[in-house]
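Visitor: Just upload.txt, nothing more (compact mmCIF, C-alpha atoms and all ligand atoms):
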```
# COMPACT_ATOMS: atom_id res chain seq x y z
CA MET Y 24 -22.47 -3.35 8.79
CA THR Y 25 -24.26 -1.99 5.80
CA VAL Y 26 -26.66 -4.45 4.22
CA HIS Y 27 -25.93 -4.62 0.53
CA GLY Y 28 -28.59 -5.16 -2.04
CA ALA Y 29 -27.99 -5.90 -5.66
CA THR Y 30 -26.72 -3.06 -7.79
CA TRP Y 31 -28.29 -2.21 -11.12
CA VAL Y 32 -24.81 -1.57 -12.56
CA GLN Y 33 -24.12 -4.29 -15.11
CA GLY Y 34 -20.91 -6.24 -14.59
CA ALA Y 35 -20.30 -5.13 -11.00
CA ALA Y 36 -21.24 -8.46 -9.40
CA GLY Y 37 -18.27 -10.81 -9.55
CA SER Y 38 -15.82 -8.07 -10.55
CA GLN Y 39 -13.03 -6.80 -8.29
CA PHE Y 40 -15.15 -3.70 -7.67
CA PRO Y 41 -18.53 -5.07 -6.53
CA ILE Y 42 -21.08 -2.99 -4.63
CA THR Y 43 -19.43 -4.16 -1.39
CA ASN Y 44 -16.13 -2.48 -2.28
CA LEU Y 45 -16.58 1.07 -3.68
CA PRO Y 46 -12.95 2.27 -3.46
CA TYR Y 47 -12.27 5.99 -3.87
CA GLY Y 48 -10.05 7.54 -6.51
CA ALA Y 49 -9.39 10.71 -8.51
CA PHE Y 50 -9.83 10.67 -12.28
CA THR Y 51 -9.92 12.76 -15.42
CA VAL Y 52 -11.39 11.99 -18.81
CA THR Y 53 -9.59 14.70 -20.78
CA SER Y 54 -6.09 15.99 -20.15
CA ASP Y 55 -7.11 19.61 -19.57
CA GLU Y 56 -9.52 19.13 -16.67
CA ARG Y 57 -8.79 18.97 -12.96
CA PRO Y 58 -9.21 15.59 -11.25
CA ARG Y 59 -12.66 14.57 -10.06
CA LEU Y 60 -13.40 12.15 -7.22
CA GLY Y 61 -15.11 8.88 -7.94
CA VAL Y 62 -15.76 5.38 -6.69
CA ALA Y 63 -15.13 2.30 -8.78
CA ILE Y 64 -18.11 0.04 -9.47
CA GLY Y 65 -17.58 -2.85 -11.88
CA ASP Y 66 -15.81 -1.42 -14.90
CA HIS Y 67 -17.07 2.11 -14.30
CA VAL Y 68 -16.24 5.12 -12.15
CA LEU Y 69 -19.10 6.99 -10.51
CA ASP Y 70 -18.58 10.77 -10.62
CA LEU Y 71 -19.25 11.69 -6.99
CA ALA Y 72 -19.61 15.46 -7.27
CA ALA Y 73 -22.28 14.96 -9.93
CA VAL Y 74 -24.45 12.65 -7.83
CA LEU Y 75 -23.79 14.07 -4.34
CA PRO Y 76 -23.56 17.83 -5.02
CA ASP Y 77 -24.43 18.73 -1.42
CA VAL Y 78 -21.14 17.25 -0.12
CA ALA Y 79 -18.71 20.05 -0.92
CA ALA Y 80 -15.63 17.96 -0.11
CA LEU Y 81 -16.47 15.62 -2.97
CA ALA Y 82 -15.99 18.46 -5.45
CA GLU Y 83 -12.30 18.75 -4.49
CA PRO Y 84 -9.56 17.30 -6.74
CA SER Y 85 -8.23 15.07 -3.92
CA LEU Y 86 -9.75 13.03 -1.10
CA ASN Y 87 -8.15 15.04 1.72
CA ALA Y 88 -11.14 17.27 2.58
CA PHE Y 89 -13.52 14.32 2.54
CA MET Y 90 -11.16 12.14 4.55
CA ALA Y 91 -10.89 14.90 7.19
CA MET Y 92 -14.68 14.82 7.74
CA GLY Y 93 -14.43 11.69 9.84
CA ARG Y 94 -15.95 8.32 10.29
CA SER Y 95 -19.64 9.23 10.51
CA ALA Y 96 -19.43 11.27 7.29
CA TRP Y 97 -17.57 8.41 5.57
CA ALA Y 98 -20.34 6.00 6.61
CA GLU Y 99 -23.12 8.35 5.52
CA VAL Y 100 -21.64 9.00 2.08
CA ARG Y 101 -20.97 5.30 1.58
CA ALA Y 102 -24.57 4.46 2.47
CA ARG Y 103 -25.85 7.11 0.05
CA ILE Y 104 -23.65 5.79 -2.77
CA ILE Y 105 -24.90 2.25 -2.12
CA ASP Y 106 -28.50 3.49 -2.24
CA LEU Y 107 -27.91 5.33 -5.52
CA LEU Y 108 -26.33 2.26 -7.10
CA CYS Y 109 -28.93 -0.22 -5.83
CA ASP Y 110 -32.19 1.69 -6.11
CA THR Y 111 -33.51 1.15 -9.64
CA SER Y 112 -35.56 4.34 -9.40
CA GLU Y 113 -32.25 6.26 -9.31
CA GLN Y 114 -30.78 4.52 -12.35
CA ALA Y 115 -31.97 7.01 -14.94
CA THR Y 116 -30.42 10.00 -13.13
CA VAL Y 117 -27.23 8.28 -11.90
CA GLU Y 118 -26.28 6.23 -14.97
CA PRO Y 119 -25.14 9.25 -17.05
CA HIS Y 120 -22.49 9.86 -14.37
CA LEU Y 121 -20.90 6.42 -14.70
CA VAL Y 122 -17.71 6.76 -16.72
CA PRO Y 123 -16.09 3.66 -18.26
CA ILE Y 124 -12.90 2.91 -16.33
CA ARG Y 125 -11.00 2.25 -19.55
CA SER Y 126 -11.56 5.86 -20.64
CA VAL Y 127 -10.22 7.57 -17.52
CA GLN Y 128 -6.78 8.67 -16.39
CA MET Y 129 -6.24 8.00 -12.68
CA HIS Y 130 -4.39 10.43 -10.41
CA LEU Y 131 -2.88 10.25 -6.94
CA PRO Y 132 -6.12 10.41 -4.93
CA LEU Y 133 -4.66 12.19 -1.93
CA GLU Y 134 -2.18 14.91 -1.14
CA VAL Y 135 0.35 12.87 0.81
CA ALA Y 136 1.22 14.72 4.02
CA ASP Y 137 3.86 12.61 5.76
CA TYR Y 138 5.10 9.20 4.68
CA VAL Y 139 6.28 6.44 6.98
CA ASP Y 140 7.41 2.96 6.01
CA PHE Y 141 7.43 0.04 8.44
CA TYR Y 142 9.17 -3.34 8.43
CA SER Y 143 6.48 -5.57 9.88
CA SER Y 144 6.71 -8.95 8.13
CA GLU Y 145 8.68 -11.37 10.29
CA HIS Y 146 9.49 -13.53 7.25
CA HIS Y 147 10.84 -10.52 5.33
CA ALA Y 148 12.88 -9.29 8.29
CA ARG Y 149 14.34 -12.77 8.88
CA ASN Y 150 15.16 -13.24 5.19
CA LEU Y 151 16.94 -9.88 5.07
CA GLY Y 152 18.77 -10.72 8.28
CA ARG Y 153 20.00 -14.01 6.80
CA ILE Y 154 21.01 -12.35 3.52
CA LEU Y 155 22.68 -9.20 4.89
CA ARG Y 156 24.01 -10.32 8.28
CA PRO Y 157 24.88 -14.00 7.95
CA GLY Y 158 25.97 -15.63 11.18
CA GLN Y 159 24.19 -13.02 13.28
CA PRO Y 160 20.69 -13.20 14.82
CA GLU Y 161 18.08 -12.91 12.06
CA LEU Y 162 16.05 -10.35 14.00
CA ALA Y 163 17.44 -7.37 15.89
CA ASP Y 164 16.74 -7.38 19.65
CA ASN Y 165 14.03 -4.74 19.32
CA TRP Y 166 12.10 -6.35 16.45
CA LYS Y 167 9.46 -8.21 18.47
CA HIS Y 168 8.98 -5.32 20.89
CA LEU Y 169 8.12 -2.52 18.47
CA PRO Y 170 7.20 -2.04 14.81
CA ILE Y 171 10.43 -0.82 13.20
CA GLY Y 172 9.93 2.04 10.75
CA TYR Y 173 11.44 5.18 9.25
CA HIS Y 174 10.13 8.51 8.03
CA GLY Y 175 10.27 8.66 4.23
CA ARG Y 176 9.73 11.24 1.51
CA ALA Y 177 6.10 12.22 0.89
CA GLY Y 178 6.83 14.30 -2.22
CA THR Y 179 7.97 11.32 -4.26
CA ALA Y 180 4.90 9.19 -3.55
CA ARG Y 181 3.29 9.08 -6.99
CA VAL Y 182 0.37 7.38 -8.63
CA SER Y 183 0.62 3.95 -10.20
CA GLY Y 184 1.99 4.10 -13.72
CA THR Y 185 4.58 6.78 -13.02
CA PRO Y 186 7.77 5.75 -14.89
CA VAL Y 187 10.51 4.39 -12.65
CA VAL Y 188 13.63 6.27 -13.72
CA ARG Y 189 16.61 4.17 -12.70
CA PRO Y 190 18.16 6.16 -9.83
CA ARG Y 191 21.78 7.18 -9.66
CA GLY Y 192 23.84 7.46 -6.53
CA GLN Y 193 26.81 6.32 -4.51
CA ARG Y 194 27.54 2.63 -4.40
CA LEU Y 195 30.61 0.54 -3.77
CA SER Y 196 32.59 -0.57 -6.78
CA PRO Y 197 32.80 -4.38 -6.65
CA SER Y 198 36.35 -4.30 -8.01
CA THR Y 199 37.92 -1.56 -5.89
CA SER Y 200 35.65 -1.45 -2.83
CA GLN Y 201 35.68 2.33 -3.24
CA PRO Y 202 32.53 4.43 -3.69
CA GLU Y 203 31.57 5.44 -7.19
CA HIS Y 204 28.57 7.29 -8.62
CA GLY Y 205 26.24 5.78 -11.18
CA PRO Y 206 22.92 4.15 -11.93
CA THR Y 207 21.82 1.45 -9.51
CA ARG Y 208 22.63 -2.11 -10.58
CA ARG Y 209 20.30 -3.63 -8.00
CA LEU Y 210 16.88 -2.06 -8.54
CA ASP Y 211 14.24 -3.87 -6.50
CA ILE Y 212 10.58 -3.78 -5.53
CA GLU Y 213 8.86 -4.02 -2.18
CA ALA Y 214 5.21 -5.15 -2.26
CA GLU Y 215 3.42 -3.36 0.56
CA VAL Y 216 0.01 -2.27 1.81
CA GLY Y 217 -0.46 1.42 2.61
CA TRP Y 218 -2.79 3.04 5.16
CA VAL Y 219 -4.19 6.52 4.68
CA VAL Y 220 -4.97 8.81 7.62
CA GLY Y 221 -8.17 10.83 7.36
CA VAL Y 222 -8.69 12.42 10.75
CA PRO Y 223 -5.63 14.10 12.28
CA SER Y 224 -4.46 13.51 15.84
CA GLU Y 225 -3.38 16.16 18.31
CA LEU Y 226 0.25 16.86 19.09
CA GLY Y 227 1.07 15.21 22.40
CA ARG Y 228 -1.86 12.77 22.23
CA PRO Y 229 -0.94 9.22 21.20
CA VAL Y 230 -3.53 7.28 19.16
CA PRO Y 231 -4.51 4.12 21.07
CA LEU Y 232 -5.23 0.87 19.27
CA HIS Y 233 -8.98 1.25 19.70
CA ALA Y 234 -8.97 4.64 17.90
CA PHE Y 235 -7.43 3.24 14.70
CA ARG Y 236 -10.70 3.27 12.77
CA ASP Y 237 -11.50 6.82 13.90
CA HIS Y 238 -8.36 8.08 12.16
CA VAL Y 239 -7.58 5.76 9.26
CA PHE Y 240 -9.75 6.16 6.18
CA GLY Y 241 -8.63 3.27 4.01
CA ALA Y 242 -5.96 1.10 2.46
CA CYS Y 243 -4.07 0.99 -0.82
CA LEU Y 244 -1.13 -0.79 -2.42
CA VAL Y 245 2.40 0.57 -2.35
CA ASN Y 246 5.55 -0.37 -4.23
CA ASP Y 247 8.56 0.89 -2.30
CA TRP Y 248 11.10 0.81 -5.14
CA SER Y 249 14.54 0.22 -3.64
CA ALA Y 250 18.10 0.56 -4.95
CA ARG Y 251 19.84 -2.13 -2.93
CA ASP Y 252 23.41 -1.08 -3.75
CA LEU Y 253 22.75 2.55 -2.78
CA GLN Y 254 20.91 1.35 0.31
CA SER Y 255 23.58 -1.04 1.56
CA TRP Y 256 26.32 1.63 1.34
CA GLU Y 257 24.38 4.49 2.94
CA TYR Y 258 22.14 2.93 5.59
CA VAL Y 259 24.53 2.64 8.54
CA PRO Y 260 23.73 3.99 11.11
CA LEU Y 261 20.58 6.00 10.33
CA GLY Y 262 18.65 3.72 7.97
CA PRO Y 263 17.12 4.11 4.49
CA PHE Y 264 17.73 7.39 2.65
CA LEU Y 265 18.37 7.87 -1.09
CA GLY Y 266 18.09 4.17 -1.88
CA LYS Y 267 14.34 4.51 -1.28
CA SER Y 268 13.35 8.15 -1.72
CA PHE Y 269 13.49 8.41 -5.53
CA LEU Y 270 9.95 7.02 -6.00
CA THR Y 271 7.18 5.30 -4.06
CA SER Y 272 4.30 4.12 -6.25
CA VAL Y 273 0.75 4.15 -4.86
CA SER Y 274 -2.33 2.42 -6.28
CA PRO Y 275 -5.04 4.81 -7.50
CA TRP Y 276 -7.90 3.28 -5.48
CA ILE Y 277 -8.26 3.74 -1.71
CA VAL Y 278 -10.35 0.90 -0.29
CA PRO Y 279 -12.36 2.23 2.66
CA LEU Y 280 -12.04 0.27 5.90
CA ALA Y 281 -15.81 -0.38 5.76
CA ALA Y 282 -15.24 -2.58 2.69
CA LEU Y 283 -12.91 -4.78 4.74
CA ASP Y 284 -15.46 -5.69 7.43
CA ASP Y 285 -15.25 -9.39 6.57
CA ALA Y 286 -11.46 -9.48 6.28
CA TRP Y 287 -10.35 -8.57 9.81
CA LEU Y 288 -8.45 -11.25 11.72
CA PRO Y 289 -7.35 -11.87 15.33
CA PRO Y 290 -3.67 -11.28 16.15
CA VAL Y 291 -1.00 -13.67 14.90
CA GLU Y 292 0.70 -15.84 17.50
CA ARG Y 293 3.44 -13.90 19.22
CA ASP Y 294 6.04 -15.33 21.56
CA THR Y 295 7.12 -12.05 23.12
CA PRO Y 296 4.95 -10.10 25.59
CA LEU Y 297 3.97 -6.63 24.36
CA LEU Y 298 3.88 -3.36 26.24
CA ALA Y 299 0.33 -2.24 27.01
CA TYR Y 300 0.04 0.33 24.21
CA LEU Y 301 0.75 -2.39 21.62
CA ASP Y 302 -1.11 -5.28 23.27
CA ASP Y 303 -3.93 -6.20 20.88
CA THR Y 304 -5.15 -9.33 22.66
CA GLY Y 305 -8.84 -9.76 21.87
CA ARG Y 306 -8.77 -7.30 18.97
CA ARG Y 307 -9.19 -8.05 15.25
CA ASP Y 308 -6.75 -5.72 13.55
CA GLY Y 309 -5.06 -8.26 11.29
CA ILE Y 310 -6.34 -8.48 7.76
CA ASP Y 311 -6.88 -11.34 5.36
CA LEU Y 312 -5.42 -9.92 2.18
CA THR Y 313 -3.44 -11.67 -0.53
CA LEU Y 314 -1.05 -9.78 -2.78
CA GLU Y 315 0.13 -10.82 -6.22
CA VAL Y 316 3.35 -9.61 -7.84
CA ARG Y 317 3.77 -9.81 -11.61
CA LEU Y 318 7.05 -9.14 -13.38
CA ASN Y 319 6.61 -8.71 -17.14
CA GLY Y 320 3.37 -10.69 -16.86
CA THR Y 321 4.78 -13.62 -14.87
CA VAL Y 322 3.36 -14.08 -11.37
CA VAL Y 323 6.54 -14.23 -9.29
CA SER Y 324 4.96 -14.10 -5.83
CA ARG Y 325 1.70 -14.21 -3.87
CA PRO Y 326 2.51 -12.69 -0.48
CA PRO Y 327 -0.11 -13.26 2.26
CA PHE Y 328 -0.81 -10.22 4.41
CA ALA Y 329 -2.60 -12.27 7.09
CA GLY Y 330 0.68 -13.33 8.70
CA MET Y 331 2.05 -9.82 9.28
CA TYR Y 332 3.48 -9.60 12.79
CA TRP Y 333 2.50 -5.97 13.40
CA THR Y 334 -0.90 -4.56 12.41
CA ALA Y 335 -1.76 -1.14 11.01
CA ALA Y 336 -3.35 -0.24 14.36
CA GLN Y 337 -0.14 -1.10 16.21
CA GLN Y 338 1.91 0.86 13.68
CA LEU Y 339 -0.26 3.96 14.22
CA ALA Y 340 -0.14 3.53 18.01
CA HIS Y 341 3.64 3.24 17.86
CA LEU Y 342 4.27 6.14 15.52
CA THR Y 343 2.26 8.44 17.83
CA THR Y 344 3.32 7.01 21.19
CA ASN Y 345 5.92 9.75 21.63
CA GLY Y 346 3.25 12.40 21.10
CA ALA Y 347 3.94 12.95 17.40
CA SER Y 348 0.71 13.83 15.60
CA VAL Y 349 -0.63 12.55 12.30
CA ARG Y 350 -2.24 14.68 9.63
CA THR Y 351 -4.91 14.21 7.02
CA GLY Y 352 -3.18 12.58 4.06
CA ASP Y 353 -0.49 10.82 6.07
CA LEU Y 354 0.44 7.58 4.38
CA TYR Y 355 2.14 4.76 6.20
CA ALA Y 356 3.12 1.48 4.61
CA SER Y 357 3.33 -1.99 6.09
CA GLY Y 358 6.81 -2.90 4.98
CA THR Y 359 7.51 -5.62 2.45
CA VAL Y 360 4.91 -8.37 2.72
CA SER Y 361 6.55 -11.81 2.66
CA GLY Y 362 5.13 -15.16 3.67
CA PRO Y 363 6.94 -18.32 4.81
CA GLU Y 364 7.17 -19.92 1.34
CA PRO Y 365 9.72 -19.00 -1.35
CA ASN Y 366 6.91 -18.01 -3.75
CA GLN Y 367 5.45 -15.67 -1.14
CA ARG Y 368 8.34 -13.23 -0.96
CA GLY Y 369 7.59 -9.59 -1.69
CA SER Y 370 10.98 -8.40 -2.96
CA LEU Y 371 13.49 -9.52 -5.56
CA ILE Y 372 16.35 -9.53 -3.07
CA GLU Y 373 14.47 -12.34 -1.32
CA LEU Y 374 13.10 -14.05 -4.46
CA SER Y 375 16.59 -14.20 -6.03
CA TRP Y 376 18.31 -14.61 -2.65
CA ASN Y 377 20.47 -11.53 -3.07
CA GLY Y 378 21.05 -12.25 -6.75
CA THR Y 379 22.42 -15.78 -6.25
CA ALA Y 380 19.30 -17.65 -7.46
CA PRO Y 381 17.80 -15.95 -10.55
CA ILE Y 382 14.06 -16.35 -11.05
CA ARG Y 383 12.72 -17.56 -14.38
CA LEU Y 384 9.99 -15.66 -16.21
CA ASP Y 385 7.41 -17.14 -18.58
CA ASP Y 386 9.30 -15.81 -21.61
CA GLY Y 387 12.31 -17.94 -20.63
CA SER Y 388 14.42 -15.02 -19.42
CA THR Y 389 15.76 -14.80 -15.88
CA ARG Y 390 16.01 -11.96 -13.40
CA THR Y 391 17.84 -11.14 -10.24
CA PHE Y 392 17.09 -7.41 -10.05
CA LEU Y 393 15.09 -5.21 -12.46
CA GLU Y 394 16.27 -4.44 -15.98
CA ASP Y 395 15.33 -1.38 -18.04
CA GLY Y 396 11.93 -1.94 -19.63
CA ASP Y 397 10.71 -4.32 -16.93
CA GLU Y 398 7.17 -3.77 -15.67
CA VAL Y 399 6.01 -4.73 -12.18
CA ILE Y 400 2.31 -4.92 -11.27
CA ILE Y 401 1.18 -5.57 -7.71
CA SER Y 402 -2.49 -6.35 -7.04
CA ALA Y 403 -4.43 -7.66 -4.06
CA THR Y 404 -7.77 -9.10 -3.01
CA ALA Y 405 -9.55 -9.54 0.29
CA PRO Y 406 -12.66 -11.55 1.18
CA GLY Y 407 -15.75 -9.32 1.13
CA PRO Y 408 -19.26 -9.62 2.52
CA GLN Y 409 -21.67 -12.18 1.04
CA GLY Y 410 -18.94 -14.11 -0.76
CA THR Y 411 -17.75 -11.13 -2.77
CA THR Y 412 -14.11 -10.33 -3.49
CA ILE Y 413 -12.72 -6.93 -2.60
CA GLY Y 414 -10.12 -5.93 -5.20
CA PHE Y 415 -7.51 -3.27 -4.60
CA GLY Y 416 -6.84 -2.61 -8.27
CA SER Y 417 -3.11 -2.51 -8.84
CA VAL Y 418 0.04 -0.46 -8.53
CA ARG Y 419 2.30 -0.67 -11.56
CA GLY Y 420 5.52 0.80 -12.80
CA ARG Y 421 7.93 0.32 -15.70
CA VAL Y 422 11.67 0.86 -15.37
CA VAL Y 423 13.21 3.35 -17.79
CA ALA Y 424 16.91 4.00 -18.27
CA GLU Y 425 18.40 6.94 -16.33
CA CA Y 501 9.79 -0.80 2.44
```
Hey, can you dump this file as structure tokens for me?
Guide:
Amino acid sequence: MTVHGATWVQGAAGSQFPITNLPYGAFTVTSDERPRLGVAIGDHVLDLAAVLPDVAALAEPSLNAFMAMGRSAWAEVRARIIDLLCDTSEQATVEPHLVPIRSVQMHLPLEVADYVDFYSSEHHARNLGRILRPGQPELADNWKHLPIGYHGRAGTARVSGTPVVRPRGQRLSPSTSQPEHGPTRRLDIEAEVGWVVGVPSELGRPVPLHAFRDHVFGACLVNDWSARDLQSWEYVPLGPFLGKSFLTSVSPWIVPLAALDDAWLPPVERDTPLLAYLDDTGRRDGIDLTLEVRLNGTVVSRPPFAGMYWTAAQQLAHLTTNGASVRTGDLYASGTVSGPEPNQRGSLIELSWNGTAPIRLDDGSTRTFLEDGDEVIISATAPGPQGTTIGFGSVRGRVVAE
């Protein structure tokens, strides 16, 4: 693990972006320039191409070329950034390349190649089972044997802040039980953690659990906006389609795995034996991360990621176990993160129990699903080295009428 000294950057210590974090993003200062890569430090962004001009990949407008360079290059660049930000003899040359975060526009930091979404919180899966299939087993027979997932739509993964245009589609009319076409009446969120692939895998070669950190570059936050009425009408028998694909919001900062060194956890207790390719006994692939969901400023949930049944390493092992390859820029998301308590649920369908128990916001209003004008902000923190807090920034979106 890198030993961290003190940084000369004022305000970094104690912020969500301390020297132990250094998440990567893509930013612009004026609207007519192409995005530049940077790391967040305190309330500034360090312009990477300006301070590390010998690393050509850092002059690209997205992280893909850098992420493809692999783990040793990631470690070397991270160590050089830490040196630049801690060595006071570098301050005079580096400081002009710190841009105040409040003055930048953030962009999607990667070109998303393929997008996969999992379903790996046992509490979420059980809640949805109880809501949607009352009287039947909460979990499907396969749930504890493999991480359930589906292939989604990479082209509609967009950066945090992208307006959420209320989607239209087919849904059942409550009065006639016939399909009709119109704007969703049950627009929901799903608070998730996303994993970004840096190094591709070969077709025909599954990625074993132990190779997770050779391929995955970092983590981000994802809001898998969901139209529940479209989803419930269309999903049998092939799963999510247009109820999900209209927009997936991604946080602008990718936290490198190296920043999470102090957050890894042993596996959760499982009561079902796993096949060898998923057996993570003795590994530490879980992660101690706490999400926070705000709706119009009110904290409506704090989902704990530590209790997720399936880890990111297991998800990658499973999605490649048939020989399918992953590419630089692949994004796969955890599935809705929900904990055991009512105030730890990561979706409104759970928080309002399918619309039957409206939640109250600080302004006195109530919600079941999202109304036009509503804003949702999901943030997260993990424990960092030396008592620091690793912040993920946030992923936000405001609903606008169709
Ligand atoms: Ca989802």
Visitor: If you take only C-alpha atoms and a cut-off of 9 Å, which residues of region 90-154 of chain Y touch region 351-366 of chain Y, and what are their nearest atom pairs and distances in Å to one decimal, in chain and number order, as a tab-separated table?
Guide:
```
residue	atom	partner	partner_atom	distance
Y:Met90	CA	Y:Thr351	CA	7.0
Y:Ala91	CA	Y:Thr351	CA	6.0
Y:Leu133	CA	Y:Gly352	CA	6.2
Y:Glu134	CA	Y:Gly352	CA	5.8
Y:Val135	CA	Y:Gly352	CA	4.8
Y:Ala136	CA	Y:Asp353	CA	4.7
Y:Asp137	CA	Y:Asp353	CA	4.7
Y:Tyr138	CA	Y:Leu354	CA	4.9
Y:Val139	CA	Y:Tyr355	CA	4.5
Y:Asp140	CA	Y:Ala356	CA	4.7
Y:Phe141	CA	Y:Gly358	CA	4.6
Y:Tyr142	CA	Y:Gly358	CA	4.2
Y:Ser143	CA	Y:Gly358	CA	5.6
Y:Ser144	CA	Y:Val360	CA	5.7
Y:Glu145	CA	Y:Ser361	CA	7.9
Y:His146	CA	Y:Ser361	CA	5.7
Y:His147	CA	Y:Ser361	CA	5.2
Y:Ala148	CA	Y:Thr359	CA	8.7
```
Visitor: Which residue out of Y:Pro406, Y:Gly309, Y:Gly175, Y:Gly266 has the minimum interatomic distance to Ala336 (chain Y) when only C-alpha atoms are used?
Guide: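 Smallest distance to Ala336 (chain Y) is found for Y:Gly309.
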Visitor: At what distance in Å, to one decimal, does CA of Pro289 (chain Y) lie from CA of Asp308 (chain Y)?
Guide: 6.4 Å
Visitor: Which residue is closest to Gly192 (chain Y)? Choose from Y:Lys267, Y:Arg176, Y:Lys167, Y:His130 and count all atoms listed in the file.
Guide: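 Nearest to Gly192 (chain Y): Y:Lys267.
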Visitor: Near Asp106 (chain Y), within 9 Å and counting all atoms listed in the file, which residues show up once chain neighbours fewer than 4 positions away are dropped, as a PyMOL selection string?
Guide: chain Y and resi 27-28+30+101-102+110+113
Visitor: Please determine the residues with any atom at most 10 Å from (-23.1, 1.1, 0.9) (coordinates as given in the file, with all atoms listed in the file counting) and report them as a list in words.
Guide: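 Counting all atoms listed in the file, I find these residues within 10 Å of (-23.1, 1.1, 0.9): Met24, Thr25, Val26, His27, Gly28, Ile42, Thr43, Asn44, Leu45, Ala98, Glu99, Val100, Arg101, Ala102, Arg103, Ile104, Ile105, Asp106, Leu107, Leu108, Cys109, Ala281 and Ala282 of chain Y.
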Visitor: Kindly save the residues from that selection, with C-alpha atoms included, as a compact mmCIF listing (two decimals), in the frame of the given file.
Guide:
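Output (part.txt):
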```
# COMPACT_ATOMS: atom_id res chain seq x y z
CA MET Y 24 -22.47 -3.35 8.79
CA THR Y 25 -24.26 -1.99 5.80
CA VAL Y 26 -26.66 -4.45 4.22
CA HIS Y 27 -25.93 -4.62 0.53
CA GLY Y 28 -28.59 -5.16 -2.04
CA ILE Y 42 -21.08 -2.99 -4.63
CA THR Y 43 -19.43 -4.16 -1.39
CA ASN Y 44 -16.13 -2.48 -2.28
CA LEU Y 45 -16.58 1.07 -3.68
CA ALA Y 98 -20.34 6.00 6.61
CA GLU Y 99 -23.12 8.35 5.52
CA VAL Y 100 -21.64 9.00 2.08
CA ARG Y 101 -20.97 5.30 1.58
CA ALA Y 102 -24.57 4.46 2.47
CA ARG Y 103 -25.85 7.11 0.05
CA ILE Y 104 -23.65 5.79 -2.77
CA ILE Y 105 -24.90 2.25 -2.12
CA ASP Y 106 -28.50 3.49 -2.24
CA LEU Y 107 -27.91 5.33 -5.52
CA LEU Y 108 -26.33 2.26 -7.10
CA CYS Y 109 -28.93 -0.22 -5.83
CA ALA Y 281 -15.81 -0.38 5.76
CA ALA Y 282 -15.24 -2.58 2.69
```
Visitor: Hey, which of Y:Ser370, Y:Ser183, Y:Asn165, Y:Ser224 ends up closest to ligand CA 501 (chain Y)? Count only C-alpha atoms and all ligand atoms.
Guide: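 The answer is Y:Ser370, which sits nearest to ligand CA 501 (chain Y).
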Visitor: Which residues, written as an MDAnalysis selection string, have at least one atom at most 9 Å from Leu232 (chain Y), with only C-alpha atoms counted and residues fewer than 6 positions away on the same chain left out?
Guide: chainID Y and resid 300:303 306 308 336:337 339:340
Visitor: Show me, as a VMD selection string, the residues that have an atom within 6 Å of region 390-399 of chain Y when counting only C-alpha atoms, minus same-chain residues fewer than 5 positions from it.
Guide: chain Y and resid 209 to 211 317 to 319 375 378 381 to 382 419 to 424
Visitor: May I ask which of the residues Y:Gln254, Y:Ser274, Y:Thr344, Y:Thr379 is the closest one to ligand CA 501 (chain Y), counting only C-alpha atoms and all ligand atoms?
Guide: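 Distance minimum relative to ligand CA 501 (chain Y) lands on Y:Gln254.
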Visitor: Would you compute the distance between CA of Ile64 (chain Y) and CA of Ala35 (chain Y)? Give it in Å to one decimal.
Guide: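 One can read the CA of Ile64 (chain Y) to CA of Ala35 (chain Y) distance as 5.8 Å.
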Visitor: Quick check, in Å to one decimal: how far apart do CA of Val273 (chain Y) and CA of Gly184 (chain Y) lie?
Guide: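 Atom-to-atom, CA of Val273 (chain Y) to CA of Gly184 (chain Y), that is 8.9 Å.
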Visitor: Between Y:Val245, Y:Leu374, Y:Val222, Y:Leu195, which has the minimum distance to Gly416 (chain Y) (counting only C-alpha atoms)?
Guide: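 The closest residue to Gly416 (chain Y) is Y:Val245.
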Visitor: Neighbourhood query: residues within 6 Å of (-12.6, 8.5, -18.6), file coordinates, counting all atoms listed in the file; return as a CSV table (one decimal) with C-alpha atoms, keeping the file's coordinate frame.
Guide:
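Generated file (result.csv):
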```
chain,number,residue,atom,x,y,z
Y,51,THR,CA,-9.9,12.8,-15.4
Y,52,VAL,CA,-11.4,12.0,-18.8
Y,122,VAL,CA,-17.7,6.8,-16.7
Y,123,PRO,CA,-16.1,3.7,-18.3
Y,126,SER,CA,-11.6,5.9,-20.6
Y,127,VAL,CA,-10.2,7.6,-17.5
```
Visitor: Find the residue from Y:Leu312, Y:Ile372, Y:Ala335, Y:Val32 that sits nearest to Ile413 (chain Y); use only C-alpha atoms when measuring.
Guide: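 Once distances to Ile413 (chain Y) are computed over only C-alpha atoms, the minimum belongs to Y:Leu312.
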Visitor: When you look at Ser255 (chain Y) with a cut-off of 12 Å (counting only C-alpha atoms), what residues show up, excluding the ones that are within fewer than 6 positions of it in the same chain? I need them as an MDAnalysis selection string.
Guide: chainID Y and resid 151 154:156 192:195 202 207 209 249 261:267 377
